[in-house]
$ cat target25.csv   # CSV, C-alpha atoms and all ligand atoms
chain,number,residue,atom,x,y,z
A,1,MET,CA,91.5,73.3,116.5
A,2,THR,CA,93.2,75.2,113.7
A,3,THR,CA,95.9,77.9,114.3
A,4,ALA,CA,96.3,80.7,111.9
A,5,SER,CA,98.3,83.9,111.9
A,6,VAL,CA,99.3,86.8,109.6
A,7,GLU,CA,102.3,88.9,110.4
A,8,ARG,CA,104.1,91.8,108.6
A,9,ILE,CA,107.9,91.3,108.7
A,10,GLU,CA,111.0,92.8,107.1
A,11,MET,CA,113.1,90.3,105.1
A,12,GLY,CA,116.4,92.0,104.2
A,13,SER,CA,115.2,95.3,102.7
A,14,LEU,CA,111.8,93.9,101.6
A,15,THR,CA,108.5,94.3,103.4
A,16,CYS,CA,106.9,90.8,103.5
A,17,TRP,CA,104.0,89.0,105.0
A,18,SER,CA,104.1,85.7,106.8
A,19,LEU,CA,101.0,83.6,106.8
A,20,CYS,CA,100.7,80.5,109.0
A,21,PHE,CA,97.9,77.9,109.0
A,22,ASN,CA,98.4,74.9,111.2
A,23,ASN,CA,101.9,73.7,110.2
A,24,SER,CA,101.9,75.4,106.8
A,25,LYS,CA,103.8,78.6,106.2
A,26,LEU,CA,103.7,81.1,103.3
A,27,LEU,CA,106.0,84.1,102.9
A,28,ILE,CA,105.1,86.9,100.4
A,29,ALA,CA,107.0,90.0,99.5
A,30,GLU,CA,105.0,93.2,98.8
A,31,GLN,CA,107.4,93.8,95.9
A,32,GLY,CA,105.8,92.0,93.0
A,33,ALA,CA,103.3,90.3,95.4
A,34,GLN,CA,105.9,87.6,95.0
A,35,ILE,CA,105.5,84.4,97.0
A,36,LEU,CA,109.0,83.7,98.4
A,37,SER,CA,108.4,80.4,100.1
A,38,TYR,CA,105.7,77.9,101.0
A,39,GLY,CA,106.0,74.6,102.9
A,40,ASN,CA,105.1,72.6,106.0
A,41,GLU,CA,107.0,72.9,109.2
A,42,GLY,CA,109.8,70.3,109.5
A,43,GLU,CA,109.6,69.2,105.9
A,44,PRO,CA,111.5,70.2,102.7
A,45,PRO,CA,109.9,73.4,101.1
A,46,ILE,CA,107.3,73.1,98.4
A,47,ILE,CA,108.1,76.4,96.8
A,48,TRP,CA,111.8,76.9,96.3
A,49,LEU,CA,113.8,80.1,97.0
A,50,SER,CA,117.4,80.6,96.0
A,51,GLU,CA,119.9,80.8,98.9
A,52,GLN,CA,121.3,83.7,96.9
A,53,ALA,CA,118.0,85.6,96.8
A,54,GLU,CA,119.0,89.3,97.3
A,55,LEU,CA,115.9,90.3,99.3
A,56,LYS,CA,116.3,93.9,98.2
A,57,PRO,CA,114.2,96.3,96.1
A,58,GLY,CA,114.5,96.7,92.4
A,59,ASN,CA,114.8,93.0,91.3
A,60,SER,CA,112.5,90.0,91.4
A,61,GLN,CA,113.8,87.4,93.8
A,62,ARG,CA,115.1,84.2,92.3
A,63,GLY,CA,112.5,81.6,93.2
A,64,GLY,CA,109.1,81.7,94.8
A,65,VAL,CA,106.3,82.6,92.3
A,66,PRO,CA,107.2,85.8,90.3
A,67,VAL,CA,104.2,87.3,88.5
A,68,CYS,CA,105.0,87.7,84.8
A,69,TRP,CA,102.6,90.4,83.4
A,70,PRO,CA,101.7,92.0,80.9
A,71,TRP,CA,103.9,89.7,78.9
A,72,PHE,CA,105.7,86.4,79.5
A,73,GLY,CA,109.3,85.8,78.5
A,74,ASP,CA,110.8,87.7,75.6
A,75,LEU,CA,108.3,90.3,74.4
A,76,LEU,CA,109.4,89.9,70.8
A,77,ARG,CA,108.5,86.2,71.0
A,78,ASN,CA,104.9,87.2,71.9
A,79,PRO,CA,102.0,87.6,69.5
A,80,GLN,CA,101.9,91.0,67.7
A,81,THR,CA,98.8,92.1,69.7
A,82,VAL,CA,100.8,91.8,72.9
A,83,GLN,CA,103.9,93.4,71.5
A,84,ALA,CA,101.8,96.3,70.1
A,85,MET,CA,100.7,97.3,73.6
A,86,HIS,CA,104.3,98.4,74.3
A,87,GLN,CA,105.7,101.6,72.9
A,88,GLN,CA,109.3,100.3,72.5
A,89,PRO,CA,109.0,96.5,72.4
A,90,GLN,CA,112.6,96.2,71.2
A,91,GLN,CA,113.8,97.6,74.6
A,92,ALA,CA,111.5,95.6,76.8
A,93,GLY,CA,113.0,93.2,79.4
A,94,ALA,CA,111.8,89.7,80.1
A,95,HIS,CA,108.7,88.7,82.0
A,96,GLY,CA,106.8,92.0,82.0
A,97,LEU,CA,106.9,94.9,84.4
A,98,VAL,CA,105.2,94.1,87.7
A,99,ARG,CA,107.5,91.5,89.4
A,100,SER,CA,109.8,94.2,90.8
A,101,ILE,CA,107.4,97.0,91.8
A,102,ASP,CA,105.6,97.3,95.1
A,103,TRP,CA,102.0,96.1,95.0
A,104,THR,CA,99.4,97.4,97.6
A,105,LEU,CA,98.1,95.3,100.4
A,106,GLU,CA,94.3,95.1,99.8
A,107,GLY,CA,93.2,92.9,102.7
A,108,VAL,CA,93.7,89.9,105.0
A,109,GLU,CA,91.0,87.4,105.9
A,110,GLN,CA,91.2,84.8,108.7
A,111,LEU,CA,88.6,82.0,108.3
A,112,GLU,CA,88.1,78.8,110.2
A,113,GLU,CA,89.5,76.7,107.3
A,114,ALA,CA,92.1,79.2,105.8
A,115,VAL,CA,93.8,82.5,106.0
A,116,SER,CA,94.1,84.7,102.9
A,117,ILE,CA,95.8,87.8,101.7
A,118,THR,CA,95.2,90.0,98.6
A,119,PHE,CA,97.6,92.4,96.9
A,120,CYS,CA,96.6,94.7,94.1
A,121,TYR,CA,98.3,96.8,91.4
A,122,ASN,CA,96.7,99.6,89.3
A,123,SER,CA,98.5,100.9,86.2
A,124,LEU,CA,96.7,104.3,86.5
A,125,GLU,CA,98.1,104.8,90.0
A,126,GLN,CA,101.5,103.3,89.2
A,127,PRO,CA,102.1,103.9,85.5
A,128,LEU,CA,104.4,101.4,83.7
A,129,ALA,CA,107.2,102.6,81.4
A,130,HIS,CA,106.2,102.5,77.7
A,131,TRP,CA,103.0,100.5,78.5
A,132,PRO,CA,100.2,103.2,78.8
A,133,HIS,CA,97.1,101.2,79.4
A,134,ALA,CA,94.5,101.0,82.2
A,135,ALA,CA,94.5,97.7,84.0
A,136,GLU,CA,94.1,96.4,87.6
A,137,LEU,CA,95.6,93.3,89.0
A,138,SER,CA,94.7,91.5,92.2
A,139,LEU,CA,96.5,88.5,93.5
A,140,THR,CA,94.8,86.5,96.3
A,141,LEU,CA,96.7,83.8,98.2
A,142,ARG,CA,94.6,81.5,100.3
A,143,LEU,CA,96.5,79.2,102.7
A,144,GLY,CA,94.6,76.3,104.1
A,145,GLU,CA,95.1,72.6,103.6
A,146,ARG,CA,96.3,73.7,100.2
A,147,LEU,CA,97.7,76.9,98.7
A,148,SER,CA,95.4,78.7,96.2
A,149,ILE,CA,96.9,81.4,94.0
A,150,SER,CA,94.5,83.5,92.1
A,151,LEU,CA,95.5,86.3,89.7
A,152,VAL,CA,92.7,88.5,88.3
A,153,CYS,CA,93.3,91.1,85.6
A,154,ARG,CA,90.6,93.7,84.9
A,155,ASN,CA,90.5,96.0,81.9
A,156,ILE,CA,89.6,99.4,83.6
A,157,GLY,CA,90.2,101.4,80.4
A,158,GLN,CA,88.2,102.1,77.2
A,159,GLN,CA,90.3,100.1,74.8
A,160,PRO,CA,90.9,96.3,74.4
A,161,LEU,CA,93.8,95.0,76.5
A,162,ALA,CA,96.0,92.1,75.2
A,163,PHE,CA,98.5,90.5,77.4
A,164,SER,CA,100.4,87.3,78.1
A,165,GLN,CA,101.2,86.2,81.7
A,166,ALA,CA,102.5,83.4,83.9
A,167,LEU,CA,102.7,82.4,87.5
A,168,HIS,CA,106.4,81.5,87.3
A,169,SER,CA,106.4,79.0,90.1
A,170,TYR,CA,109.7,77.5,91.3
A,171,PHE,CA,109.2,74.1,93.1
A,172,ALA,CA,111.7,72.4,95.4
A,173,VAL,CA,112.7,68.9,94.4
A,174,SER,CA,115.1,66.4,96.0
A,175,ASP,CA,117.1,65.7,92.8
A,176,ILE,CA,116.0,66.8,89.3
A,177,HIS,CA,117.5,63.6,87.9
A,178,GLN,CA,114.9,61.6,89.8
A,179,VAL,CA,111.7,63.6,89.5
A,180,SER,CA,109.1,63.4,86.8
A,181,VAL,CA,106.1,65.4,85.8
A,182,GLU,CA,102.8,63.7,85.1
A,183,GLY,CA,99.8,65.1,83.2
A,184,LEU,CA,101.6,66.3,80.1
A,185,GLN,CA,101.6,63.0,78.2
A,186,ASP,CA,100.6,63.4,74.5
A,187,CYS,CA,100.7,67.2,74.8
A,188,ASP,CA,102.1,69.4,72.0
A,189,TYR,CA,104.9,71.6,73.2
A,190,ILE,CA,107.2,74.3,71.9
A,191,GLU,CA,110.9,73.3,72.2
A,192,THR,CA,112.3,76.8,72.8
A,193,LEU,CA,115.9,75.4,72.9
A,194,GLU,CA,115.6,74.1,69.4
A,195,ASP,CA,114.3,77.0,67.4
A,196,TRP,CA,110.8,76.9,68.9
A,197,GLN,CA,109.9,73.7,67.0
A,198,LEU,CA,106.6,72.0,67.7
A,199,ARG,CA,107.0,68.6,69.4
A,200,LYS,CA,104.7,66.1,71.2
A,201,GLN,CA,105.3,64.8,74.7
A,202,SER,CA,105.6,61.0,75.1
A,203,GLY,CA,104.9,59.8,78.6
A,204,ALA,CA,105.9,61.6,81.7
A,205,VAL,CA,108.4,64.4,81.6
A,206,HIS,CA,111.9,63.4,82.8
A,207,PHE,CA,115.0,65.6,83.1
A,208,ASN,CA,118.5,65.0,81.7
A,209,GLY,CA,119.5,68.4,80.4
A,210,GLU,CA,118.4,72.0,80.1
A,211,THR,CA,114.6,72.0,79.7
A,212,ASP,CA,112.6,75.0,78.6
A,213,ARG,CA,109.3,74.0,77.0
A,214,ILE,CA,105.9,75.6,76.5
A,215,TYR,CA,103.2,73.0,76.7
A,216,LEU,CA,100.0,73.7,74.8
A,217,LYS,CA,96.6,72.8,76.2
A,218,PRO,CA,98.0,70.8,79.1
A,219,SER,CA,95.8,69.0,81.5
A,220,ALA,CA,94.5,71.2,84.4
A,221,LYS,CA,96.0,68.6,86.7
A,222,LEU,CA,99.8,68.2,86.8
A,223,GLN,CA,101.9,66.3,89.4
A,224,VAL,CA,105.6,66.5,90.3
A,225,ILE,CA,106.5,63.0,91.4
A,226,ASP,CA,109.5,63.0,93.8
A,227,PRO,CA,110.6,59.5,94.8
A,228,LEU,CA,113.5,60.5,97.0
A,229,TRP,CA,111.4,62.8,99.2
A,230,GLN,CA,108.5,60.3,98.9
A,231,ARG,CA,106.0,63.0,97.9
A,232,THR,CA,103.9,64.3,95.1
A,233,ILE,CA,103.3,68.0,94.5
A,234,ASN,CA,99.8,68.4,93.0
A,235,LEU,CA,98.9,71.3,90.7
A,236,LEU,CA,95.3,72.1,89.7
A,237,SER,CA,94.9,75.1,87.5
A,238,SER,CA,92.1,77.1,85.8
A,239,GLY,CA,92.1,80.0,83.3
A,240,SER,CA,95.3,78.7,81.6
A,241,GLN,CA,95.8,76.6,78.5
A,242,SER,CA,99.6,76.8,78.4
A,243,ALA,CA,102.3,75.7,80.9
A,244,VAL,CA,106.1,76.2,80.9
A,245,VAL,CA,108.4,73.6,82.3
A,246,TRP,CA,111.9,74.9,83.0
A,247,ASN,CA,115.2,73.7,84.5
A,248,PRO,CA,118.4,75.6,83.6
A,249,TRP,CA,120.7,72.6,84.1
A,250,ILE,CA,124.5,73.1,84.4
A,251,ASP,CA,125.5,75.8,81.8
A,252,LYS,CA,122.5,78.2,82.1
A,253,ALA,CA,122.6,77.9,85.9
A,254,GLN,CA,126.1,79.6,85.8
A,255,ARG,CA,124.6,82.6,83.8
A,256,LEU,CA,121.6,83.1,86.1
A,257,SER,CA,121.5,85.9,88.7
A,258,GLN,CA,120.9,85.0,92.4
A,259,PHE,CA,121.5,81.4,91.6
A,260,ASP,CA,124.1,79.0,93.0
A,261,ASN,CA,125.9,77.0,90.3
A,262,ALA,CA,124.6,73.7,91.8
A,263,ALA,CA,121.0,74.9,92.6
A,264,TRP,CA,119.6,73.5,89.3
A,265,GLN,CA,119.6,70.1,90.9
A,266,GLN,CA,117.0,71.0,93.5
A,267,MET,CA,114.5,73.2,91.7
A,268,LEU,CA,112.0,72.9,88.9
A,269,CYS,CA,109.7,75.5,87.4
A,270,ILE,CA,106.2,74.7,86.3
A,271,GLU,CA,104.6,77.9,85.2
A,272,HIS,CA,100.9,78.1,84.6
A,273,ALA,CA,100.5,80.7,81.8
A,274,ASN,CA,98.5,82.4,79.1
A,275,VAL,CA,100.9,82.6,76.2
A,276,LEU,CA,101.1,82.2,72.4
A,277,ASP,CA,97.6,81.1,71.2
A,278,ASP,CA,96.4,81.3,74.8
A,279,ILE,CA,97.1,85.1,75.4
A,280,VAL,CA,94.2,87.1,77.0
A,281,THR,CA,92.4,89.9,75.2
A,282,LEU,CA,89.9,91.8,77.4
A,283,ALA,CA,87.3,94.2,76.3
A,284,PRO,CA,86.7,97.3,78.5
A,285,GLU,CA,85.5,96.1,82.0
A,286,GLY,CA,86.4,92.5,81.1
A,287,GLU,CA,88.4,90.4,83.5
A,288,HIS,CA,90.4,87.1,83.5
A,289,ARG,CA,91.3,84.8,86.3
A,290,LEU,CA,94.4,82.6,86.3
A,291,SER,CA,94.6,80.3,89.3
A,292,VAL,CA,96.6,77.4,90.6
A,293,ASP,CA,95.9,75.2,93.6
A,294,ILE,CA,99.0,73.5,95.1
A,295,TRP,CA,99.1,70.7,97.7
A,296,LEU,CA,101.3,67.8,98.8
A,297,ASP,CA,100.6,64.1,98.9
A,298,LYS,CA,103.2,62.2,101.0
A,299,GLN,CA,103.0,59.3,98.5
A,300,LEU,CA,103.9,58.7,95.0
A,301,THR,CA,100.8,57.2,93.4
A,302,HIS,CA,99.3,59.1,90.5
A,303,GLN,CA,95.9,59.8,92.0
A,304,ALA,CA,93.1,61.5,90.2
A,305,LEU,CA,93.4,65.1,91.5
A,306,VAL,CA,90.3,66.4,93.2
B,1,LIG,O1,110.2,80.5,82.2
B,1,LIG,C1,111.4,80.1,81.8
B,1,LIG,C2,112.3,81.3,81.5
B,1,LIG,O2,111.8,82.1,80.4
B,1,LIG,C3,113.7,80.8,81.2
B,1,LIG,O3,114.0,80.8,79.8
B,1,LIG,C4,114.6,81.6,82.1
B,1,LIG,O4,115.0,82.8,81.4
B,1,LIG,C5,113.7,81.9,83.3
B,1,LIG,O5,112.4,82.1,82.6
B,1,LIG,C6,114.1,82.9,84.3
B,1,LIG,O6,113.9,84.2,83.7
B,1,LIG,P1,114.5,85.4,84.7
B,1,LIG,O7,114.2,86.6,83.9
B,1,LIG,O8,113.7,85.3,86.0
B,1,LIG,O9,115.9,85.1,84.9
$ encode --input "target25.csv" --output "structure tokens"
Amino acid sequence: MTTASVERIEMGSLTCWSLCFNNSKLLIAEQGAQILSYGNEGEPPIIWLSEQAELKPGNSQRGGVPVCWPWFGDLLRNPQTVQAMHQQPQQAGAHGLVRSIDWTLEGVEQLEEAVSITFCYNSLEQPLAHWPHAAELSLTLRLGERLSISLVCRNIGQQPLAFSQALHSYFAVSDIHQVSVEGLQDCDYIETLEDWQLRKQSGAVHFNGETDRIYLKPSAKLQVIDPLWQRTINLLSSGSQSAVVWNPWIDKAQRLSQFDNAAWQQMLCIEHANVLDDIVTLAPEGEHRLSVDIWLDKQLTHQALV
């Protein structure tokens, strides 16, 4: 016998939705269609949210899964085709334009094996500053035995659409010094902290300083191995050939908004993306789906993900 519920709630000054399925709980803000938290009752969270998250309109919350679109990161570090979609690329902020605007609830579905919710955004109905193109986004979150996140972009205009994007997922970890990431061994990556040099990953990823890397053509199956919490977070993606691994460590943590100085020790971003050579170009009426499945194993063995 499964139990499932969907409830609209106010969190601070944000309109949010709380989805429950058995002992799993998912919290999403309508602003940015941003997942704020995800986890199982009585256990450490899976998706991390800063204790200093402001929960008020106008800014993305620190944590959860911000949607970075129609560009990821610094627009000027994006391919020219993505930059050219913006009328003033020099003035553009980081991580696109939709993570701090209200999306529209499109629907809720309660099934036997899951509960799902979909939010949408339409650039013709909510124009974006200096980005005059016709696109529609829909973000569907499906909460069952695992959490499925699916972001679809449709070109509803008459001209080609070029964009980069990321599901900027913040994961909770027991202690960043002790976790590792499996699935990136032998991957090429861009070391953004050392002049964007191209490097190659040897073995699992371990953390002993600020880490901000763009992995190219990663495996669709990644795992966060957390020995202290005796658990593995499994990530299975599709529609993405690039992934960002980020931890701010001590110094950058002190420069981040909504972020306790010590919080870097208990969070890790693994962001499934379409960036650099993996940007998306859609012809009119074309669409692209970026999706990630997230689930927990309460064990440490590196299993083949299914
Ligand atoms: O995805 C990694 C990153 O680009 C970092 O360099 C850091 O800036 C992080 O995103 C957070 O960006 P934000 O704009 O949310 O503070």
$ residues_near_ligand --input "target25.csv" --ligand "ligand LIG 1 (chain B)" --cutoff "8 Å" --atoms "only C-alpha atoms and all ligand atoms" --output "number ranges by chain"
A: 60, 62, 66, 72-74, 94-95, 168, 212, 244-248, 256-257, 269, 271
$ residues_around --input "target25.csv" --residues "Asn22 of chain A" --least-positions-apart "3" --cutoff "9 Å" --atoms "only C-alpha atoms" --output "ChimeraX atom specification"
/A:1-4,25,40,144-145
$ residues_around --input "target25.csv" --residues "Arg199 of chain A" --least-positions-apart "6" --cutoff "10 Å" --atoms "only C-alpha atoms" --output "MDAnalysis selection string"
chainID A and resid 186:191 213 215
$ closest_residue --input "target25.csv" --among "A:Gln91, A:Gln158, A:Gln80, A:Gln31" --to "Pro284 of chain A" --atoms "only C-alpha atoms"
A:Gln158
$ residues_around --input "target25.csv" --residues "Ala253 of chain A" --least-positions-apart "3" --cutoff "12 Å" --atoms "all atoms listed in the file" --output "ChimeraX atom specification"
/A:50,62,209-211,246-250,256-267
$ residues_near_point --input "target25.csv" --point "(93.9, 75.8, 86.4)" --cutoff "7 Å" --atoms "only C-alpha atoms" --output "MDAnalysis selection string"
chainID A and resid 220 236:240 290:292
$ axis_aligned_box --input "target25.csv" --around "segment 176-181 of chain A" --padding-each-side "6 Å" --output "lines of an AutoDock Vina configuration file"
center_x = 111.8
center_y = 64.2
center_z = 87.8
size_x = 23.4
size_y = 17.2
size_z = 16.0
$ closest_residue --input "target25.csv" --among "A:His133, A:Lys200, A:His206, A:Arg154" --to "Asp175 of chain A" --atoms "all atoms listed in the file"
A:His206
